[in-house]
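Structure first, then comments.
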Amino acid sequence: MNRYAGTFALARHALRRDRVLAGVWVAVLTLVVYASAAATGSLYPSVADRVDAARALNASPAIVALYGPVLDEHSLGELAMTKLTVLYAVFVALLVLVVVRRHTRGEEESGRAELLGGTAVGPGAQLAAALLEGTAIAALAGVLAAAADVAGGLPLIGSVAFGASWTGIGLVSVGLTAVACQLAASSRTCAGIAGAAIAACYALRAVGDVGPTWLSWLSPFGWSTRLSAWHDPRWWVLVLDLALALVLAGGAQALRDRRDLGSGLFAARPGPARGSPRLADALQLAWRVHRTALLSWTVGAAAMGGVLGAIAPGVKDLLDNDAGRRMLESIGGAGALEDSLLAAVLSLAGVVVTCFGLSVVGRGGADEHDGRTEQVLATATSRTQQLGASVVVATLGAAWLLAVTGLATSVGLGRDPALLTGAALGQVPAVWTVLGVAVLLFAIRSRWAALGWAVLGAVLAVGQLGELLGLPDWVTGLSPYAHSPAMPLERWSAGSALVLTTLAAALLASAWWRYRERDIG
Amino acid sequence: MIDQRLTAPIEVRGLVKSFGSLRALDGLDLTVTRGEIHGFLGPNGAGKSTTIRALLGLLRTDGGTATVFGLDPWRDAVAIHRRLAYVPGDVALWPNLSGGETIDMLLQMRGADPRQGHREELLERFQLDPTKKGRAYSKGNRQKVALVAALAGDVELLVLDEPTSGLDPLMEQVFADCVAERAATGTTVLLSSHILSEVERLADRVTIIRAGRAVESGSLAGLRHLRRSRIRAEVTGVVPDLGAVDGVHDLDQDGQTVTCTVEPDALPRVLGALTAAGVSALTSAPPTLEELFLDAYRA
């Protein structure tokens, strides 16, 4: 039988299953590209304005680390796409990660891959179909981004090169995810490996962009900047993306051939024959299930905070001019430069740690769907304990991660730990509010647990687009994050913290009330 | 205060549960008395699991009454669950927890001490390796993890939902022995299944349900018509007239081949007649549940 028999049918089926997720995700990204392209022209009307802004950006190592440098200070396109060239390309990489993992390791873990493997489908077809689907989505994201740039008034050649850089990142992510999904038997671990690889590429570029440039050339994200899309593009850089993606995809196929369906490349280690005497209630179980993830997140948060703290002091004097201040206003707010930068970074951290909480809530949905919750509730565990366990791990875990981020930033920066840890914790009420919505959705119906991610996506989209499209305040105000104080720039505001915390508590209380009343399963 | 010894461990009257337009339970009655093994029989989709999940307080019912140990499964779930153990039909384990950890955790969550009881002995008898991670177990082994967790502690009631699906015949025998031993010490057992012979081997009484209603309930002796065997024989001599024998039903003759269903009491006479006619091939099988239902509806 042909090794790849059925690949196209499987890829079509995969695209069909992902049409809403991928469709909405790509549409939001396209809209952000368009809004950024269209808005920047009026924000910086003259060439002189742009040069000032670009110099201000380049003068701040922290901003360069976050967004990459502006290579051509005269280019409108490059300025408009500052945030999008590498930072938002991460979202393209993440979308591809989600769909490729879903159709490779996810299908193996659920047993559906075995079901399909028994049909007239070639042994290489399932992986090939996932690669094909990921490639199609990466291509679509690139084409739409290019079109959105053109529609937003940017030059054609640059727009095409920019779109191609997104597709390139997408393709590399296809390859990375495909390899990661061969390594471990757990779909969650595979996502962790792929995510860590993407984060490592990003960090490599960040360090290279503020330090030795050759390091940036080792990262696909560095290539996206060095492509120089808006000024005499180096088209050959795209070949690097393509070559890396092909090598990774070939490697994934080779690894797939060397293992059995459902197993990982790393041999599964045996576990303890006896359980800990402490593992005796729902909270201990939740802690046991999520502790490894929380540990990895803690390491990530500490690294992110430490690096940003170490780079931040460079901004002090360099950015102190008109354009620099205007630039910072657009990302964080007016005022002391270092503080506004820290505030911008910490608010980003708030969004990122929300993802940890959402993954805990989503796991609750999967546990109920698979029947694990039923077994726990058939013991002397009340519904309150069962729901409470997830809520405690999600909310306290997120708060802990924010505290770690703040503390690590202060260590990197050499500033008062209490101030920055407090500033990071200022994000907690907003994070809890989003988690509260997610928990309520789960409590209404277990299948809605994953909708928390859609809520986060919508909140972010409103925040990003609201500013660029000039949406009314009440629309942007729907985002809980919009009500977090920009600490340490602003003072902590008891009012908004109280309102958000009360809201979060009300959401959790409704969730608890509903969870006690509904059918399980 | 109701005397605990007099209350039936499970008492269900006219239970109704709808999922949207589907009426999964439609006035179900079920009584399980103290110390018995009660077979709960029905084809797939008859409402067995729905009943069990309602008895565990996982589902809110729409009508009728259900009590477990005289308590309301919805309101008093925790108090009830301290006294019972449950094995679901399709066991899902925690991917990162080893089998041993899962067993100890479930026991401790019920308030039992995993260091006492029959855990080690059961692991031995079921030939289960407790050090494997949850995701590495096959379906049968996942079932064994849940069975060991349920059988290891001393409980008053075992609720087993198609517990042998996925077990091989040797392990089914081990399971049957273990359940019989538990019952001998006074544990009440509710055993759901869609296989009559499995329940027949263990149960004192059975309830048969179909489309959310109990269609038969009683002791196996009282339900003797359920125990007819289906016989198919080829004879070399003159085909005997089995229709004249009391207790023979569904007689069909095709050349030298006879098929019929036979009540236990009539078996010696039927076999005698067949032997006299020079039987050359003989198969005997218990009736399937579906055949029983057909009988029940024809009658």
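Going by the structure tokens order, chains are called A, B, ..., each with residues numbered from 1, while ligands are numbered from 1 in the order shown.
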
Using DSSP secondary structure from the backbone, list all strand (DSSP E or B) positions within stretch 32-155 of chain B, as a PyMOL selection string. chain B and resi 32+37-41+63-68+71+84-87+98+133

Expected answer as a list in words: chain B residues within 7 Å of chain A, only C-alpha atoms: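 Within 7 Å of chain A on chain B, we get Leu56, Leu58, Leu59, Arg60, Val78, Ala79, His81, Arg82, Tyr86, Ala92, Leu93, Ser98, Gly100, Glu101, Thr102, Asp104, Met105, Gln108, Met109, Arg110, Pro130, Thr131, Lys132 and Lys133 of chain B.
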
Dump as an mmCIF file, in the first residue's frame, selection limited to C-alpha atoms:
```
data_model
loop_
_atom_site.group_PDB
_atom_site.id
_atom_site.type_symbol
_atom_site.label_atom_id
_atom_site.label_comp_id
_atom_site.auth_asym_id
_atom_site.auth_seq_id
_atom_site.Cartn_x
_atom_site.Cartn_y
_atom_site.Cartn_z
ATOM 1 C CA LEU B 56 -24.275 8.008 42.616
ATOM 2 C CA LEU B 58 -23.978 12.442 39.372
ATOM 3 C CA LEU B 59 -27.263 13.070 37.572
ATOM 4 C CA ARG B 60 -30.281 14.989 38.742
ATOM 5 C CA VAL B 78 -20.642 12.265 50.279
ATOM 6 C CA ALA B 79 -22.151 10.301 53.171
ATOM 7 C CA HIS B 81 -19.991 7.409 48.906
ATOM 8 C CA ARG B 82 -18.029 6.717 52.087
ATOM 9 C CA TYR B 86 -17.835 2.199 42.141
ATOM 10 C CA ALA B 92 -10.208 6.587 32.352
ATOM 11 C CA LEU B 93 -7.033 7.023 34.393
ATOM 12 C CA SER B 98 0.880 5.211 38.210
ATOM 13 C CA GLY B 100 -0.576 2.063 42.361
ATOM 14 C CA GLU B 101 -0.921 5.777 43.054
ATOM 15 C CA THR B 102 -4.385 5.808 41.507
ATOM 16 C CA ASP B 104 -4.229 4.371 46.839
ATOM 17 C CA MET B 105 -5.668 7.772 45.974
ATOM 18 C CA GLN B 108 -7.953 7.368 50.536
ATOM 19 C CA MET B 109 -10.573 9.593 48.954
ATOM 20 C CA ARG B 110 -13.170 7.131 50.229
ATOM 21 C CA PRO B 130 1.085 -1.011 39.721
ATOM 22 C CA THR B 131 4.160 0.920 38.557
ATOM 23 C CA LYS B 132 2.948 1.657 35.028
ATOM 24 C CA LYS B 133 1.682 5.155 34.247
#
```

Take atom CA of A:Ala139 and atom CA of A:Leu71 and report the distance between them in Å, one decimal.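 Spanning atom CA of A:Ala139 to atom CA of A:Leu71 is a straight-line distance of 25.3 Å.
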
Set the distance at 12 Å and use only C-alpha atoms: which residues neighbour A:Gly153 once local chain neighbours fewer than 5 positions away are removed? I'd like the list as a PyMOL selection string. chain A and resi 33-42+76-77+80+146-148+158-159

Identify, on the basis of only C-alpha atoms, every residue whose closest approach to stretch 201-208 of chain B does not exceed 6 Å; exclude the query and any residue fewer than 3 positions from it along the same chain; express the result as a compact mmCIF listing (two decimals) with C-alpha atoms, in the first residue's frame.
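Final file, part33.txt:
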```
# COMPACT_ATOMS: atom_id res chain seq x y z
CA ILE B 37 -25.55 -9.85 44.41
CA HIS B 38 -28.07 -8.17 42.18
CA GLY B 39 -27.68 -8.57 38.42
CA PHE B 40 -28.75 -5.50 36.46
CA LEU B 41 -29.29 -6.66 32.92
CA GLY B 42 -30.16 -4.84 29.77
CA GLU B 198 -21.98 -13.54 33.44
CA ALA B 214 -37.69 -2.78 34.44
CA VAL B 215 -39.31 -5.58 32.44
CA GLU B 216 -38.45 -8.48 34.74
CA SER B 217 -37.27 -8.70 38.30
CA GLY B 218 -36.84 -11.58 40.68
CA SER B 219 -34.73 -14.52 41.77
CA LEU B 220 -33.03 -16.52 39.05
```

Among stretch 134-237 of chain A, which ones does DSSP assign to helix (DSSP H, G or I) (computed from the backbone)? Answer as a ChimeraX atom specification. /A:134-151,156-183,187-210,213-216,220-226,236-237

Contacts of stretch 155-168 of chain B within 8 Å, only C-alpha atoms, excl. fewer than 6 positions in-chain, as JSON, numbers by chain: {"B": [9, 48, 49, 52, 83, 84, 85, 86, 87, 88, 89, 139, 140, 141, 143, 147, 175, 186, 187, 188, 189, 190, 191, 192, 193, 194]}

Can I get the selected residues back with N, CA and C atoms, as a compact mmCIF listing (two decimals), in the first residue's frame?
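Saved the output as part14.txt:
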```txt
# COMPACT_ATOMS: atom_id res chain seq x y z
N PRO B 9 -30.38 -1.48 50.64
CA PRO B 9 -29.29 -0.58 50.23
C PRO B 9 -29.67 0.28 49.03
N LYS B 48 -28.88 1.40 31.91
CA LYS B 48 -28.17 0.85 33.08
C LYS B 48 -27.21 1.89 33.66
N SER B 49 -26.36 2.46 32.81
CA SER B 49 -25.39 3.42 33.32
C SER B 49 -26.07 4.68 33.84
N ILE B 52 -27.23 3.96 37.30
CA ILE B 52 -26.11 3.93 38.25
C ILE B 52 -25.61 5.34 38.53
N ARG B 83 -19.48 4.78 51.95
CA ARG B 83 -19.85 3.39 52.26
C ARG B 83 -19.90 2.52 51.02
N LEU B 84 -19.58 3.08 49.82
CA LEU B 84 -19.64 2.25 48.62
C LEU B 84 -18.38 2.44 47.77
N ALA B 85 -18.22 1.54 46.82
CA ALA B 85 -17.15 1.69 45.83
C ALA B 85 -17.76 1.47 44.45
N TYR B 86 -17.23 2.19 43.47
CA TYR B 86 -17.83 2.20 42.14
C TYR B 86 -16.78 1.89 41.09
N VAL B 87 -17.14 1.05 40.13
CA VAL B 87 -16.26 0.80 38.98
C VAL B 87 -17.03 1.16 37.71
N PRO B 88 -16.59 2.19 36.99
CA PRO B 88 -17.31 2.58 35.77
C PRO B 88 -17.05 1.58 34.64
N GLY B 89 -17.90 1.62 33.63
CA GLY B 89 -17.77 0.69 32.52
C GLY B 89 -16.56 1.00 31.65
N LYS B 139 -6.93 -1.28 27.92
CA LYS B 139 -8.29 -1.15 28.45
C LYS B 139 -8.54 -2.12 29.59
N GLY B 140 -8.14 -3.39 29.39
CA GLY B 140 -8.35 -4.39 30.43
C GLY B 140 -7.61 -4.04 31.71
N ASN B 141 -6.39 -3.53 31.56
CA ASN B 141 -5.61 -3.19 32.75
C ASN B 141 -6.15 -1.95 33.45
N GLN B 143 -9.26 -1.30 33.61
CA GLN B 143 -10.39 -1.88 34.33
C GLN B 143 -9.90 -2.53 35.63
N LEU B 147 -10.94 -1.96 39.50
CA LEU B 147 -11.47 -3.09 40.27
C LEU B 147 -10.68 -3.28 41.57
N PHE B 175 -12.23 -12.19 38.70
CA PHE B 175 -13.20 -11.17 39.11
C PHE B 175 -14.40 -11.83 39.81
N GLY B 186 -20.74 -10.30 53.35
CA GLY B 186 -21.89 -9.45 53.63
C GLY B 186 -22.00 -8.20 52.77
N THR B 187 -21.08 -8.03 51.80
CA THR B 187 -21.16 -6.86 50.94
C THR B 187 -22.31 -7.03 49.94
N THR B 188 -23.06 -5.97 49.75
CA THR B 188 -24.10 -5.97 48.73
C THR B 188 -23.47 -5.57 47.40
N VAL B 189 -23.91 -6.20 46.30
CA VAL B 189 -23.30 -5.91 45.01
C VAL B 189 -24.37 -5.61 43.98
N LEU B 190 -24.22 -4.49 43.27
CA LEU B 190 -25.06 -4.22 42.09
C LEU B 190 -24.16 -4.40 40.88
N LEU B 191 -24.48 -5.40 40.05
CA LEU B 191 -23.61 -5.77 38.95
C LEU B 191 -24.37 -5.58 37.64
N SER B 192 -23.99 -4.57 36.86
CA SER B 192 -24.70 -4.37 35.61
C SER B 192 -23.96 -5.08 34.48
N SER B 193 -24.70 -5.55 33.51
CA SER B 193 -24.08 -6.30 32.42
C SER B 193 -25.07 -6.42 31.28
N HIS B 194 -24.55 -6.65 30.08
CA HIS B 194 -25.46 -7.00 29.00
C HIS B 194 -25.28 -8.47 28.61
```

Counting only C-alpha atoms, the residue of A:Ala129, A:Leu503, A:Leu489, A:Val393 that sits nearest A:Ser340: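 Counting only C-alpha atoms, the residue closest to A:Ser340 is A:Leu489.
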
Selection: 12 Å around stretch 85-87 of chain A, only C-alpha atoms, excl. self and same-chain fewer than 6 positions, as number ranges by chain: A: 29, 33, 36, 63-71, 77-79, 93-94, 142, 145-146, 158-159, 161-170, 198-199, 201-203, 205-206, 209, 216, 219-230, 348

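Distances here use only C-alpha atoms; by that measure, the residue among A:Gly134, A:Gly192, A:Gly457, A:Pro61 closest to A:Thr104 is A:Gly134.
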
Can you measure atom CA of A:Ala151 to atom CA of A:Leu43 for me? One decimal in Å is fine.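 So the two atoms, atom CA of A:Ala151 and atom CA of A:Leu43, lie 17.3 Å apart.
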
Give me the residues within 12 Å of B:Arg232 as an NGL selection string, counting only C-alpha atoms and dropping any in the same chain fewer than 3 places off. :B and (229 or 235 or 250-254 or 256-262 or 270-271 or 274 or 279-286)
